[in-house]
Every structure is written in C-alpha cells, then in structure tokens.
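Novice: For reference, this is query.pdb, and it has PDB, C-alpha atoms, pLDDT in the B column.
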MODEL        1
ATOM      1  CA  MET A   1     -60.316  88.719 116.891  1.00 58.00           C
ATOM      2  CA  THR A   2     -60.512  84.955 116.354  1.00 73.00           C
ATOM      3  CA  PRO A   3     -57.749  83.199 114.362  1.00 66.00           C
ATOM      4  CA  GLY A   4     -60.121  82.606 111.453  1.00 85.00           C
ATOM      5  CA  ARG A   5     -61.082  86.261 111.247  1.00 92.00           C
ATOM      6  CA  GLU A   6     -57.471  87.371 111.537  1.00 93.00           C
ATOM      7  CA  TYR A   7     -56.565  85.011 108.684  1.00 93.00           C
ATOM      8  CA  LEU A   8     -59.317  86.491 106.487  1.00 95.00           C
ATOM      9  CA  ARG A   9     -58.219  90.022 107.365  1.00 95.00           C
ATOM     10  CA  ARG A  10     -54.604  89.278 106.402  1.00 96.00           C
ATOM     11  CA  ALA A  11     -55.717  87.520 103.217  1.00 97.00           C
ATOM     12  CA  ALA A  12     -57.844  90.513 102.265  1.00 97.00           C
ATOM     13  CA  ARG A  13     -54.881  92.873 102.722  1.00 96.00           C
ATOM     14  CA  CYS A  14     -52.673  90.636 100.587  1.00 97.00           C
ATOM     15  CA  TYR A  15     -55.270  90.456  97.842  1.00 96.00           C
ATOM     16  CA  LEU A  16     -55.640  94.243  97.929  1.00 96.00           C
ATOM     17  CA  GLN A  17     -51.888  94.744  97.610  1.00 96.00           C
ATOM     18  CA  ALA A  18     -51.869  92.374  94.645  1.00 97.00           C
ATOM     19  CA  GLY A  19     -54.778  94.184  93.017  1.00 96.00           C
ATOM     20  CA  LEU A  20     -57.055  91.130  93.307  1.00 97.00           C
ATOM     21  CA  LEU A  21     -60.128  93.091  94.328  1.00 97.00           C
ATOM     22  CA  ASP A  22     -62.731  90.370  93.847  1.00 97.00           C
ATOM     23  CA  GLU A  23     -60.827  87.964  96.095  1.00 97.00           C
ATOM     24  CA  ALA A  24     -60.362  90.691  98.715  1.00 97.00           C
ATOM     25  CA  CYS A  25     -64.043  91.498  98.524  1.00 98.00           C
ATOM     26  CA  ARG A  26     -64.992  87.891  99.181  1.00 97.00           C
ATOM     27  CA  CYS A  27     -62.778  87.904 102.289  1.00 97.00           C
ATOM     28  CA  PHE A  28     -64.447  91.056 103.581  1.00 97.00           C
ATOM     29  CA  GLU A  29     -67.862  89.517 102.955  1.00 97.00           C
ATOM     30  CA  ARG A  30     -66.933  86.438 104.964  1.00 96.00           C
ATOM     31  CA  LEU A  31     -65.583  88.431 107.922  1.00 96.00           C
ATOM     32  CA  PRO A  32     -68.080  90.203 107.525  1.00 95.00           C
ATOM     33  CA  ASP A  33     -66.748  93.716 107.074  1.00 97.00           C
ATOM     34  CA  ALA A  34     -69.724  95.392 105.459  1.00 98.00           C
ATOM     35  CA  ARG A  35     -68.111  98.743 104.719  1.00 98.00           C
ATOM     36  CA  GLN A  36     -65.023  97.300 103.051  1.00 98.00           C
ATOM     37  CA  ALA A  37     -67.139  94.858 101.049  1.00 98.00           C
ATOM     38  CA  ALA A  38     -69.400  97.722  99.943  1.00 98.00           C
ATOM     39  CA  LEU A  39     -66.432  99.884  98.952  1.00 98.00           C
ATOM     40  CA  LEU A  40     -64.926  97.141  96.819  1.00 98.00           C
ATOM     41  CA  HIS A  41     -68.214  96.312  95.114  1.00 98.00           C
ATOM     42  CA  GLU A  42     -68.521 100.030  94.372  1.00 98.00           C
ATOM     43  CA  ARG A  43     -65.007 100.197  92.929  1.00 97.00           C
ATOM     44  CA  GLN A  44     -65.925  97.298  90.653  1.00 97.00           C
ATOM     45  CA  ARG A  45     -69.140  99.075  89.611  1.00 98.00           C
ATOM     46  CA  ARG A  46     -71.366  96.381  91.098  1.00 98.00           C
ATOM     47  CA  TRP A  47     -73.893  98.923  92.257  1.00 98.00           C
ATOM     48  CA  ALA A  48     -76.624  96.598  93.529  1.00 98.00           C
ATOM     49  CA  GLN A  49     -74.193  94.571  95.643  1.00 98.00           C
ATOM     50  CA  ALA A  50     -72.597  97.772  96.944  1.00 98.00           C
ATOM     51  CA  ALA A  51     -76.011  99.114  97.952  1.00 98.00           C
ATOM     52  CA  ALA A  52     -76.881  95.909  99.787  1.00 98.00           C
ATOM     53  CA  TRP A  53     -73.639  95.935 101.777  1.00 98.00           C
ATOM     54  CA  TYR A  54     -73.909  99.647 102.550  1.00 98.00           C
ATOM     55  CA  GLU A  55     -77.337  98.929 104.020  1.00 98.00           C
ATOM     56  CA  ARG A  56     -75.696  96.405 106.337  1.00 98.00           C
ATOM     57  CA  VAL A  57     -73.226  99.017 107.685  1.00 98.00           C
ATOM     58  CA  PRO A  58     -75.668 100.931 107.730  1.00 98.00           C
ATOM     59  CA  ALA A  59     -74.567 103.814 105.487  1.00 98.00           C
ATOM     60  CA  TRP A  60     -77.878 104.953 104.078  1.00 98.00           C
ATOM     61  CA  LYS A  61     -76.724 107.782 101.819  1.00 98.00           C
ATOM     62  CA  GLU A  62     -74.126 105.613 100.111  1.00 98.00           C
ATOM     63  CA  ALA A  63     -76.698 102.825  99.767  1.00 98.00           C
ATOM     64  CA  ALA A  64     -79.180 105.242  98.187  1.00 98.00           C
ATOM     65  CA  ARG A  65     -76.651 106.513  95.645  1.00 98.00           C
ATOM     66  CA  ASN A  66     -75.761 102.993  94.579  1.00 98.00           C
ATOM     67  CA  HIS A  67     -79.413 101.983  94.268  1.00 98.00           C
ATOM     68  CA  GLU A  68     -79.866 105.000  91.994  1.00 98.00           C
ATOM     69  CA  ARG A  69     -76.928 103.945  89.847  1.00 98.00           C
ATOM     70  CA  CYS A  70     -78.651 100.656  89.019  1.00 97.00           C
ATOM     71  CA  GLU A  71     -82.091 102.289  88.681  1.00 97.00           C
ATOM     72  CA  GLN A  72     -83.515 100.781  91.866  1.00 98.00           C
ATOM     73  CA  TYR A  73     -85.293 104.015  92.620  1.00 98.00           C
ATOM     74  CA  GLU A  74     -87.839 102.858  95.172  1.00 98.00           C
ATOM     75  CA  ALA A  75     -85.087 101.185  97.181  1.00 98.00           C
ATOM     76  CA  ALA A  76     -83.047 104.394  96.874  1.00 98.00           C
ATOM     77  CA  ALA A  77     -85.947 106.450  98.191  1.00 98.00           C
ATOM     78  CA  GLN A  78     -86.307 104.146 101.181  1.00 98.00           C
ATOM     79  CA  CYS A  79     -82.607 104.603 101.971  1.00 98.00           C
ATOM     80  CA  TRP A  80     -82.922 108.386 101.677  1.00 98.00           C
ATOM     81  CA  LEU A  81     -85.735 108.199 104.196  1.00 98.00           C
ATOM     82  CA  GLN A  82     -83.557 106.163 106.540  1.00 98.00           C
ATOM     83  CA  ALA A  83     -80.902 108.861 106.170  1.00 98.00           C
ATOM     84  CA  GLY A  84     -83.408 111.531 107.204  1.00 97.00           C
ATOM     85  CA  GLU A  85     -83.586 113.009 103.686  1.00 97.00           C
ATOM     86  CA  ARG A  86     -87.335 113.151 103.137  1.00 97.00           C
ATOM     87  CA  LEU A  87     -87.162 115.655 100.279  1.00 98.00           C
ATOM     88  CA  LEU A  88     -84.590 113.580  98.431  1.00 98.00           C
ATOM     89  CA  ALA A  89     -86.766 110.503  98.882  1.00 98.00           C
ATOM     90  CA  ALA A  90     -89.817 112.358  97.576  1.00 98.00           C
ATOM     91  CA  TRP A  91     -87.892 113.781  94.618  1.00 98.00           C
ATOM     92  CA  THR A  92     -86.551 110.355  93.669  1.00 98.00           C
ATOM     93  CA  LEU A  93     -90.030 108.849  93.733  1.00 98.00           C
ATOM     94  CA  ALA A  94     -91.481 111.743  91.727  1.00 98.00           C
ATOM     95  CA  ASP A  95     -88.755 112.087  89.128  1.00 98.00           C
ATOM     96  CA  ARG A  96     -87.602 108.504  88.682  1.00 97.00           C
ATOM     97  CA  ALA A  97     -90.360 106.190  89.860  1.00 96.00           C
ATOM     98  CA  SER A  98     -93.546 108.145  89.042  1.00 94.00           C
ATOM     99  CA  ARG A  99     -94.930 107.280  92.496  1.00 96.00           C
ATOM    100  CA  ILE A 100     -96.894 110.496  92.836  1.00 96.00           C
ATOM    101  CA  SER A 101     -99.395 109.287  95.432  1.00 96.00           C
ATOM    102  CA  ARG A 102     -96.504 108.067  97.598  1.00 97.00           C
ATOM    103  CA  VAL A 103     -94.774 111.438  97.179  1.00 98.00           C
ATOM    104  CA  ARG A 104     -97.825 113.293  98.412  1.00 96.00           C
ATOM    105  CA  GLU A 105     -98.052 110.952 101.370  1.00 96.00           C
ATOM    106  CA  LEU A 106     -94.420 111.630 102.261  1.00 96.00           C
ATOM    107  CA  LEU A 107     -94.837 115.388 102.000  1.00 96.00           C
ATOM    108  CA  SER A 108     -98.086 115.620 103.921  1.00 95.00           C
ATOM    109  CA  GLY A 109     -97.486 117.992 106.809  1.00 93.00           C
ATOM    110  CA  PHE A 110     -93.830 118.578 105.860  1.00 95.00           C
ATOM    111  CA  GLU A 111     -92.557 121.996 106.941  1.00 95.00           C
ATOM    112  CA  PRO A 112     -89.487 123.198 105.019  1.00 95.00           C
ATOM    113  CA  ALA A 113     -86.527 124.440 107.023  1.00 92.00           C
ATOM    114  CA  GLY A 114     -85.369 127.533 105.169  1.00 91.00           C
ATOM    115  CA  SER A 115     -85.604 128.975 101.684  1.00 92.00           C
ATOM    116  CA  VAL A 116     -83.760 126.178  99.885  1.00 93.00           C
ATOM    117  CA  GLN A 117     -86.072 123.473 101.175  1.00 95.00           C
ATOM    118  CA  ALA A 118     -89.087 125.677 100.378  1.00 95.00           C
ATOM    119  CA  LEU A 119     -87.992 125.862  96.724  1.00 96.00           C
ATOM    120  CA  GLU A 120     -87.212 122.146  96.629  1.00 97.00           C
ATOM    121  CA  LEU A 121     -90.681 121.369  97.954  1.00 97.00           C
ATOM    122  CA  ARG A 122     -92.232 123.442  95.174  1.00 97.00           C
ATOM    123  CA  LEU A 123     -90.047 121.722  92.588  1.00 98.00           C
ATOM    124  CA  ILE A 124     -91.191 118.306  93.771  1.00 98.00           C
ATOM    125  CA  ARG A 125     -94.779 119.437  93.396  1.00 97.00           C
ATOM    126  CA  ALA A 126     -94.021 120.817  89.934  1.00 98.00           C
ATOM    127  CA  ARG A 127     -92.464 117.469  88.975  1.00 98.00           C
ATOM    128  CA  CYS A 128     -95.603 115.687  90.168  1.00 97.00           C
ATOM    129  CA  LEU A 129     -97.755 118.041  88.091  1.00 97.00           C
ATOM    130  CA  ALA A 130     -95.604 117.353  85.051  1.00 97.00           C
ATOM    131  CA  GLY A 131     -96.024 113.628  85.624  1.00 95.00           C
ATOM    132  CA  GLU A 132     -99.780 114.094  85.746  1.00 95.00           C
ATOM    133  CA  GLU A 133     -99.738 116.011  82.432  1.00 93.00           C
ATOM    134  CA  GLU A 134    -100.659 119.264  84.169  1.00 96.00           C
ATOM    135  CA  ARG A 135     -98.066 120.995  82.033  1.00 96.00           C
ATOM    136  CA  PRO A 136     -99.249 124.653  82.081  1.00 97.00           C
ATOM    137  CA  VAL A 137     -99.589 124.623  85.877  1.00 97.00           C
ATOM    138  CA  ALA A 138     -96.204 122.910  86.274  1.00 98.00           C
ATOM    139  CA  ALA A 139     -94.569 125.441  83.931  1.00 98.00           C
ATOM    140  CA  ARG A 140     -95.964 128.372  85.918  1.00 97.00           C
ATOM    141  CA  CYS A 141     -94.769 126.800  89.142  1.00 97.00           C
ATOM    142  CA  LEU A 142     -91.317 126.295  87.631  1.00 98.00           C
ATOM    143  CA  ARG A 143     -91.088 129.936  86.528  1.00 97.00           C
ATOM    144  CA  ASP A 144     -91.965 131.058  90.054  1.00 96.00           C
ATOM    145  CA  VAL A 145     -89.275 128.799  91.507  1.00 96.00           C
ATOM    146  CA  VAL A 146     -86.637 130.081  89.078  1.00 96.00           C
ATOM    147  CA  ALA A 147     -87.507 133.640  90.033  1.00 96.00           C
ATOM    148  CA  GLY A 148     -86.970 132.644  93.659  1.00 94.00           C
ATOM    149  CA  LEU A 149     -83.349 131.552  93.068  1.00 94.00           C
ATOM    150  CA  ALA A 150     -82.270 135.129  93.621  1.00 90.00           C
ATOM    151  CA  ASP A 151     -83.594 135.015  97.188  1.00 88.00           C
ATOM    152  CA  LEU A 152     -81.392 132.105  98.270  1.00 86.00           C
ATOM    153  CA  ASP A 153     -78.408 132.850 100.449  1.00 78.00           C
ATOM    154  CA  GLU A 154     -74.943 132.064  99.134  1.00 74.00           C
ATOM    155  CA  SER A 155     -74.383 128.422  99.977  1.00 74.00           C
ATOM    156  CA  ALA A 156     -73.527 125.163  98.270  1.00 72.00           C
ATOM    157  CA  ALA A 157     -77.107 124.041  98.831  1.00 84.00           C
ATOM    158  CA  ARG A 158     -78.286 126.365  96.048  1.00 90.00           C
ATOM    159  CA  GLN A 159     -77.137 123.949  93.344  1.00 93.00           C
ATOM    160  CA  ARG A 160     -79.734 121.248  93.971  1.00 95.00           C
ATOM    161  CA  PRO A 161     -82.741 123.476  93.226  1.00 96.00           C
ATOM    162  CA  VAL A 162     -81.090 124.393  89.914  1.00 96.00           C
ATOM    163  CA  ASP A 163     -80.555 120.735  89.017  1.00 96.00           C
ATOM    164  CA  TRP A 164     -84.116 119.837  89.943  1.00 98.00           C
ATOM    165  CA  ALA A 165     -85.541 122.804  88.030  1.00 98.00           C
ATOM    166  CA  VAL A 166     -83.741 121.649  84.898  1.00 98.00           C
ATOM    167  CA  ARG A 167     -85.139 118.153  85.389  1.00 98.00           C
ATOM    168  CA  VAL A 168     -88.670 119.560  85.644  1.00 98.00           C
ATOM    169  CA  ALA A 169     -88.086 121.562  82.448  1.00 98.00           C
ATOM    170  CA  GLU A 170     -86.888 118.408  80.709  1.00 97.00           C
ATOM    171  CA  ALA A 171     -89.959 116.495  81.894  1.00 97.00           C
ATOM    172  CA  LEU A 172     -92.086 119.285  80.423  1.00 97.00           C
ATOM    173  CA  ARG A 173     -90.056 119.203  77.189  1.00 97.00           C
ATOM    174  CA  ARG A 174     -89.348 122.896  77.655  1.00 97.00           C
ATOM    175  CA  PRO A 175     -85.690 123.618  76.849  1.00 96.00           C
ATOM    176  CA  ASP A 176     -86.534 127.312  77.070  1.00 97.00           C
ATOM    177  CA  LEU A 177     -87.310 126.885  80.766  1.00 98.00           C
ATOM    178  CA  ALA A 178     -84.110 124.911  81.310  1.00 97.00           C
ATOM    179  CA  ALA A 179     -82.147 127.722  79.648  1.00 96.00           C
ATOM    180  CA  LEU A 180     -83.995 130.273  81.789  1.00 97.00           C
ATOM    181  CA  THR A 181     -83.025 128.310  84.881  1.00 97.00           C
ATOM    182  CA  TYR A 182     -79.350 128.285  83.969  1.00 97.00           C
ATOM    183  CA  ALA A 183     -79.378 131.956  82.930  1.00 96.00           C
ATOM    184  CA  THR A 184     -80.913 132.934  86.257  1.00 96.00           C
ATOM    185  CA  ALA A 185     -78.442 130.767  88.163  1.00 95.00           C
ATOM    186  CA  VAL A 186     -75.556 132.493  86.387  1.00 95.00           C
ATOM    187  CA  GLN A 187     -77.079 135.905  87.042  1.00 94.00           C
ATOM    188  CA  VAL A 188     -77.443 135.303  90.786  1.00 93.00           C
ATOM    189  CA  GLY A 189     -73.950 133.836  91.052  1.00 92.00           C
ATOM    190  CA  ILE A 190     -74.547 130.140  91.722  1.00 93.00           C
ATOM    191  CA  SER A 191     -71.144 128.523  91.318  1.00 89.00           C
ATOM    192  CA  GLY A 192     -70.579 126.298  88.276  1.00 91.00           C
ATOM    193  CA  SER A 193     -73.804 127.316  86.531  1.00 93.00           C
ATOM    194  CA  SER A 194     -72.124 128.624  83.386  1.00 94.00           C
ATOM    195  CA  GLU A 195     -70.220 125.367  82.926  1.00 95.00           C
ATOM    196  CA  ARG A 196     -73.355 123.287  83.519  1.00 95.00           C
ATOM    197  CA  TRP A 197     -75.345 125.478  81.121  1.00 96.00           C
ATOM    198  CA  THR A 198     -72.681 125.033  78.442  1.00 96.00           C
ATOM    199  CA  ALA A 199     -72.652 121.244  78.880  1.00 95.00           C
ATOM    200  CA  TRP A 200     -76.460 121.103  78.819  1.00 96.00           C
ATOM    201  CA  ALA A 201     -76.693 123.259  75.682  1.00 95.00           C
ATOM    202  CA  ARG A 202     -74.047 121.214  73.885  1.00 95.00           C
ATOM    203  CA  ASP A 203     -75.767 117.926  74.729  1.00 95.00           C
ATOM    204  CA  THR A 204     -79.364 119.079  74.260  1.00 94.00           C
ATOM    205  CA  LEU A 205     -79.215 121.754  71.567  1.00 92.00           C
ATOM    206  CA  GLY A 206     -75.876 121.112  69.912  1.00 94.00           C
ATOM    207  CA  ASP A 207     -75.123 124.830  70.196  1.00 91.00           C
ATOM    208  CA  VAL A 208     -73.582 126.963  72.941  1.00 91.00           C
ATOM    209  CA  THR A 209     -73.953 130.336  71.201  1.00 88.00           C
ATOM    210  CA  GLY A 210     -74.751 133.161  73.587  1.00 84.00           C
ATOM    211  CA  ILE A 211     -73.880 131.393  76.821  1.00 89.00           C
ATOM    212  CA  PRO A 212     -71.616 133.582  78.966  1.00 82.00           C
ATOM    213  CA  MET A 213     -68.261 132.042  79.711  1.00 72.00           C
ATOM    214  CA  PRO A 214     -67.220 131.813  83.375  1.00 65.00           C
ATOM    215  CA  VAL A 215     -64.974 134.550  84.695  1.00 54.00           C
ATOM    216  CA  VAL A 216     -61.551 133.132  85.541  1.00 46.00           C
TER     217      VAL A 216
ENDMDL
END
Can you present the structure in this file as structure tokens?
Specialist:
Amino acid sequence: MTPGREYLRRAARCYLQAGLLDEACRCFERLPDARQAALLHERQRRWAQAAAWYERVPAWKEAARNHERCEQYEAAAQCWLQAGERLLAAWTLADRASRISRVRELLSGFEPAGSVQALELRLIRARCLAGEEERPVAARCLRDVVAGLADLDESAARQRPVDWAVRVAEALRRPDLAALTYATAVQVGISGSSERWTAWARDTLGDVTGIPMPVV
C-alpha cells in the first residue's frame, strides 16, 4: 500500500472511532474502498450513493436494495438481474415500475426451478394483469396461487410468495384476498404469518378481530 493510501486508511479509522462517519466515508471514497464507502453511505441513509458504491464493489443484491429504498426501481431491477435474480427483477418492474412489456420479455422462456418459483412466476403474471386492469382474471389467478401455498415444502423461501400475493391483492384493491392469503399462510404453517396478518389488518382495516394469535 502506498504512503498516501495508508494515510487515508489510518485517517478513516480515526474518523470512525470518533464517530465522524461523513469524514471517514470521504476517505474510503478517495482510497477507493467501495464496500466501506457503500456501508457508510447506507448507515447515513444515503441510499442512492450507497447503491452506486455497491455497484462498484460489485455487490449487486445490496445495490438493488438501496436503489429500491430511493425508488429507483428500474436500476434496482437491473442490479437484480446482475445478481442472477430474474424473478426479483421481473417482480420489481411489474409491481413498482409498471414495465409490463419488459417483464414479459424477461420471463420469455423462463423455466421455474421448483414449486416456489412456479408460484412466484404466476404472481408476477397476476401483478401484470392487475396493472393492465384485467382484474377478474388476476383475482382468479391469485386465488389459485393462494391455494397452492399448501403444496410448498417447509422452507424460508415460502414467505416471499405470501408477500407478493398480498401486494397483488392490494393492487386489485381486494383486502378480502389479502386476508385470505394470510389466513392460508397461517393454516399451512408459514412462520410469522400471524404477526404479519395482525400488522396488515391494523394498518389497513384498523381492526384485528378474529385473527388467530401465534402459539408461543
């Protein structure tokens, strides 16, 4: 390491110890140390700057999440693609950017790997239908997907289809379908569903009557 870089590295550590995060961040940018700069921008809630520095690492998933935080959804989708997350990219474009033609292009020829991805693919299509005002068709598709939650194996990956199904229900302005999604998720034992259902009902309906409490 050259003397100049060593000086910047030591200065950054001193600034960090003193809690002077902006000054430390500037040192990491000058080095450049992309990951440390990105982390500090993220700690300071400068999402766009964090995303840009994560791209320089590259750390595509972290970049995508920070783009989403500042509503740069097309940039987020591109980062998801770079991370090999085609379904996440397609969902982001469908749900947040209304880029339905681009979604269909991304999904052309896509073969899901397993039951979770198969449900996610159907949810993306349902979200596209909702965006195109094909509400009855989207609602039927959503009901079919919710019924399919029972067929998923017990894994952490089951939560994302639930979250996406609720988003489709919200796009359709169908709180009944969101409630059905949560009720089914609780019934089939998807972890945390009762708590999420309670939070959703409190925020959306102002009433949590009838929601089963989680078993402790």
Novice: Within 7 Å of Ala50 (chain A), counting all atoms listed in the file, which residues qualify if same-chain residues fewer than 5 places away don't, as an mmCIF file with C-alpha atoms, in the frame of the given file?
Specialist:
data_model
loop_
_atom_site.group_PDB
_atom_site.id
_atom_site.type_symbol
_atom_site.label_atom_id
_atom_site.label_comp_id
_atom_site.auth_asym_id
_atom_site.auth_seq_id
_atom_site.Cartn_x
_atom_site.Cartn_y
_atom_site.Cartn_z
ATOM 1 C CA ALA A 38 -69.400 97.722 99.943
ATOM 2 C CA LEU A 39 -66.432 99.884 98.952
ATOM 3 C CA HIS A 41 -68.214 96.312 95.114
ATOM 4 C CA GLU A 42 -68.521 100.030 94.372
ATOM 5 C CA ASN A 66 -75.761 102.993 94.579
#
Novice: Where does region 12-110 of chain A meet region 168-188 of chain A within 12 Å, residue by residue, with the nearest atom pair and distance in Å to one decimal for each, counting only C-alpha atoms, listed by chain and rising number, as a tab-separated table?
Specialist:
residue	atom	partner	partner_atom	distance
A:Trp91	CA	A:Val168	CA	10.7
A:Ala94	CA	A:Val168	CA	10.3
A:Asp95	CA	A:Val168	CA	8.2
A:Arg96	CA	A:Ala171	CA	10.7
A:Ser98	CA	A:Ala171	CA	11.6
Novice: Which protein, DNA or RNA residues are at most 12 Å from (-82.1, 123.9, 102.7) in the file's coordinates when you count all atoms listed in the file, listed as a list in words?
Specialist: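 All residues meeting the 12 Å criterion around (-82.1, 123.9, 102.7) are Glu85, Arg86, Leu87, Leu88, Glu111, Pro112, Ala113, Gly114, Ser115, Val116, Gln117, Ala118, Leu119, Glu120, Leu121, Leu152, Asp153, Glu154, Ser155, Ala156, Ala157, Arg158, Gln159, Arg160 and Pro161 of chain A.
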Novice: Using only C-alpha atoms, please write the residues we just selected to a file, as a PDB file, in the coordinates of the input.
Specialist:
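Wrote it out as result_15.pdb, contents follow:
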ATOM      1  CA  GLU A  85     -83.586 113.009 103.686  1.00 97.00           C
ATOM      2  CA  ARG A  86     -87.335 113.151 103.137  1.00 97.00           C
ATOM      3  CA  LEU A  87     -87.162 115.655 100.279  1.00 98.00           C
ATOM      4  CA  LEU A  88     -84.590 113.580  98.431  1.00 98.00           C
ATOM      5  CA  GLU A 111     -92.557 121.996 106.941  1.00 95.00           C
ATOM      6  CA  PRO A 112     -89.487 123.198 105.019  1.00 95.00           C
ATOM      7  CA  ALA A 113     -86.527 124.440 107.023  1.00 92.00           C
ATOM      8  CA  GLY A 114     -85.369 127.533 105.169  1.00 91.00           C
ATOM      9  CA  SER A 115     -85.604 128.975 101.684  1.00 92.00           C
ATOM     10  CA  VAL A 116     -83.760 126.178  99.885  1.00 93.00           C
ATOM     11  CA  GLN A 117     -86.072 123.473 101.175  1.00 95.00           C
ATOM     12  CA  ALA A 118     -89.087 125.677 100.378  1.00 95.00           C
ATOM     13  CA  LEU A 119     -87.992 125.862  96.724  1.00 96.00           C
ATOM     14  CA  GLU A 120     -87.212 122.146  96.629  1.00 97.00           C
ATOM     15  CA  LEU A 121     -90.681 121.369  97.954  1.00 97.00           C
ATOM     16  CA  LEU A 152     -81.392 132.105  98.270  1.00 86.00           C
ATOM     17  CA  ASP A 153     -78.408 132.850 100.449  1.00 78.00           C
ATOM     18  CA  GLU A 154     -74.943 132.064  99.134  1.00 74.00           C
ATOM     19  CA  SER A 155     -74.383 128.422  99.977  1.00 74.00           C
ATOM     20  CA  ALA A 156     -73.527 125.163  98.270  1.00 72.00           C
ATOM     21  CA  ALA A 157     -77.107 124.041  98.831  1.00 84.00           C
ATOM     22  CA  ARG A 158     -78.286 126.365  96.048  1.00 90.00           C
ATOM     23  CA  GLN A 159     -77.137 123.949  93.344  1.00 93.00           C
ATOM     24  CA  ARG A 160     -79.734 121.248  93.971  1.00 95.00           C
ATOM     25  CA  PRO A 161     -82.741 123.476  93.226  1.00 96.00           C
TER      26      PRO A 161
END
Novice: Just give me the residues with any atom within 12 Å of (-84.0, 106.9, 99.7), file coordinates, counting all atoms listed in the file, written as a ChimeraX atom specification.
Specialist: /A:51,55,59-68,72-94,96-97,103,106
Novice: Just write the chosen residues, C-alpha atoms, as a CSV table (one decimal), in the frame of the given file.
Specialist:
chain,number,residue,atom,x,y,z
A,51,ALA,CA,-76.0,99.1,98.0
A,55,GLU,CA,-77.3,98.9,104.0
A,59,ALA,CA,-74.6,103.8,105.5
A,60,TRP,CA,-77.9,105.0,104.1
A,61,LYS,CA,-76.7,107.8,101.8
A,62,GLU,CA,-74.1,105.6,100.1
A,63,ALA,CA,-76.7,102.8,99.8
A,64,ALA,CA,-79.2,105.2,98.2
A,65,ARG,CA,-76.7,106.5,95.6
A,66,ASN,CA,-75.8,103.0,94.6
A,67,HIS,CA,-79.4,102.0,94.3
A,68,GLU,CA,-79.9,105.0,92.0
A,72,GLN,CA,-83.5,100.8,91.9
A,73,TYR,CA,-85.3,104.0,92.6
A,74,GLU,CA,-87.8,102.9,95.2
A,75,ALA,CA,-85.1,101.2,97.2
A,76,ALA,CA,-83.0,104.4,96.9
A,77,ALA,CA,-85.9,106.4,98.2
A,78,GLN,CA,-86.3,104.1,101.2
A,79,CYS,CA,-82.6,104.6,102.0
A,80,TRP,CA,-82.9,108.4,101.7
A,81,LEU,CA,-85.7,108.2,104.2
A,82,GLN,CA,-83.6,106.2,106.5
A,83,ALA,CA,-80.9,108.9,106.2
A,84,GLY,CA,-83.4,111.5,107.2
A,85,GLU,CA,-83.6,113.0,103.7
A,86,ARG,CA,-87.3,113.2,103.1
A,87,LEU,CA,-87.2,115.7,100.3
A,88,LEU,CA,-84.6,113.6,98.4
A,89,ALA,CA,-86.8,110.5,98.9
A,90,ALA,CA,-89.8,112.4,97.6
A,91,TRP,CA,-87.9,113.8,94.6
A,92,THR,CA,-86.6,110.4,93.7
A,93,LEU,CA,-90.0,108.8,93.7
A,94,ALA,CA,-91.5,111.7,91.7
A,96,ARG,CA,-87.6,108.5,88.7
A,97,ALA,CA,-90.4,106.2,89.9
A,103,VAL,CA,-94.8,111.4,97.2
A,106,LEU,CA,-94.4,111.6,102.3
Novice: Ranking A:Gly131, A:Leu40, A:Val57, A:Leu31 by minimum distance to Leu16 (chain A) and counting all atoms listed in the file, which one comes first?
Specialist: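 Nearest to Leu16 (chain A): A:Leu40.
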